[in-house]
Structures are given as structure tokens and as C-alpha cells.
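Chemist: Input: one structure, supplied below.
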Amino acid sequence: MQQVINGLAEVIPEGLAELCRIGKTLKRRATDILTFFNHAGTSNGPTEAINRHLEHLRGIALGLRNLPNYITRSLFETGGLKLQLKHP
């Protein structure tokens, strides 16, 4: 993958401006891209699940005017308060 990134950044003709932009972006983000290939099986599924919960909460909490209550409810919905709650 490193060879592909280097090739895109170096060998693109001048008339193809969009490919030049992609090559520069890939070169700038090479560390992030190569990390994906070094850590097989990584997924952004947990992050997407939390985002889905927050979008659902935002939809049902349109009337909340108190920001601390909204933040508390968001943490509760996504499991962020589980470590702080004491179970009897």
C-alpha cells in the first residue's frame, strides 16, 4: 500500500488535478491508512453504534432545554454512566 501511495503522489500528470489531490491526501494520511492494514479486524462498529444511539436520543429529546440534563441523558443512553452508578 505504501508503494501505491508513493506512486500516486509522484507519477500523476499535470492535467489530472483530482488525482493529484487524491495523491496528496493519501500521502498526508499514509500513517492512518497503513495502520488499518497493520491491525486486521479493526472496526468502527462500536463508534457507529454509539452514534446511532445518540441520533436516536437527539430525535426523542428535541424538547430538552437544559444542556446538563441532555448530556446526562446522552451518557446514560450510550452506557457512559454505568461506571459511575452504584448497584445495590
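Each chain in the C-alpha cells gets a letter, A, B and so on, in the order shown; residues start at 1 in every chain, and ligands are counted from 1 in the order they appear.
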Name all residues at most 12 Å from Arg29 in chain A (count only C-alpha atoms; drop same-chain ones fewer than 6 positions away) and give them as a list of chain:residue names.
Modeler: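 Once the nearby chain positions are removed, what remains is A:Gln2, A:Ile5, A:Asn6, A:Ala9, A:Ile22, A:Gly23, A:Thr35, A:Phe36.
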Chemist: Would you mind exporting the chosen residues as a CSV table (one decimal), in the first residue's frame, restricted to N, CA, C and O atoms?
Modeler:
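In the end it all went to result.csv:
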```
chain,number,residue,atom,x,y,z
A,2,GLN,N,2.0,1.2,0.7
A,2,GLN,CA,2.9,2.3,0.7
A,2,GLN,C,3.4,2.6,-0.7
A,2,GLN,O,3.5,3.8,-1.1
A,5,ILE,N,0.7,4.5,-2.6
A,5,ILE,CA,0.6,5.9,-2.1
A,5,ILE,C,1.7,6.7,-2.7
A,5,ILE,O,1.5,7.8,-3.2
A,6,ASN,N,2.9,6.2,-2.6
A,6,ASN,CA,4.1,6.9,-3.2
A,6,ASN,C,3.9,7.1,-4.7
A,6,ASN,O,4.2,8.2,-5.3
A,9,ALA,N,1.4,9.8,-5.5
A,9,ALA,CA,1.9,11.2,-5.2
A,9,ALA,C,3.0,11.7,-6.2
A,9,ALA,O,3.2,12.9,-6.3
A,22,ILE,N,-6.0,13.6,-4.7
A,22,ILE,CA,-6.1,12.3,-4.0
A,22,ILE,C,-4.7,11.8,-3.6
A,22,ILE,O,-4.5,11.3,-2.5
A,23,GLY,N,-3.7,11.9,-4.5
A,23,GLY,CA,-2.4,11.5,-4.2
A,23,GLY,C,-1.8,12.3,-3.0
A,23,GLY,O,-1.2,11.7,-2.1
A,35,THR,N,-2.0,2.0,9.1
A,35,THR,CA,-2.4,1.4,10.4
A,35,THR,C,-3.6,0.5,10.2
A,35,THR,O,-3.6,-0.6,10.9
A,36,PHE,N,-4.5,0.8,9.3
A,36,PHE,CA,-5.6,-0.1,9.1
A,36,PHE,C,-5.1,-1.5,8.6
A,36,PHE,O,-5.7,-2.5,9.0
```
Chemist: Using DSSP assignments from the backbone, pull out every residue in chain A that falls under helix (DSSP H, G or I) and give it to me as a ChimeraX atom specification.
Modeler: /A:2-10,17-28,30-38,45-60,67-78
Chemist: For Ser74 in chain A, which residue among A:Leu62, A:Glu18, A:Ala30, A:Leu57 is the nearest when counting only C-alpha atoms?
Modeler: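 Answer, going by the shortest atom-to-atom distance: A:Leu57.
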Chemist: Find the residues near range 45-50 of chain A: any atom within 10 Å, counting only C-alpha atoms, skip ones fewer than 2 places away on the same chain, and give them as a PyMOL selection string.
Modeler: chain A and resi 42-43+52-56+74-75+77-79
Chemist: Using only C-alpha atoms, which of the listed residues (A:Met1, A:Tyr70, A:Leu8, A:Ile60) sits closest to Thr25 in chain A?
Modeler: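 For Thr25 in chain A, the nearest of the candidates is A:Leu8.
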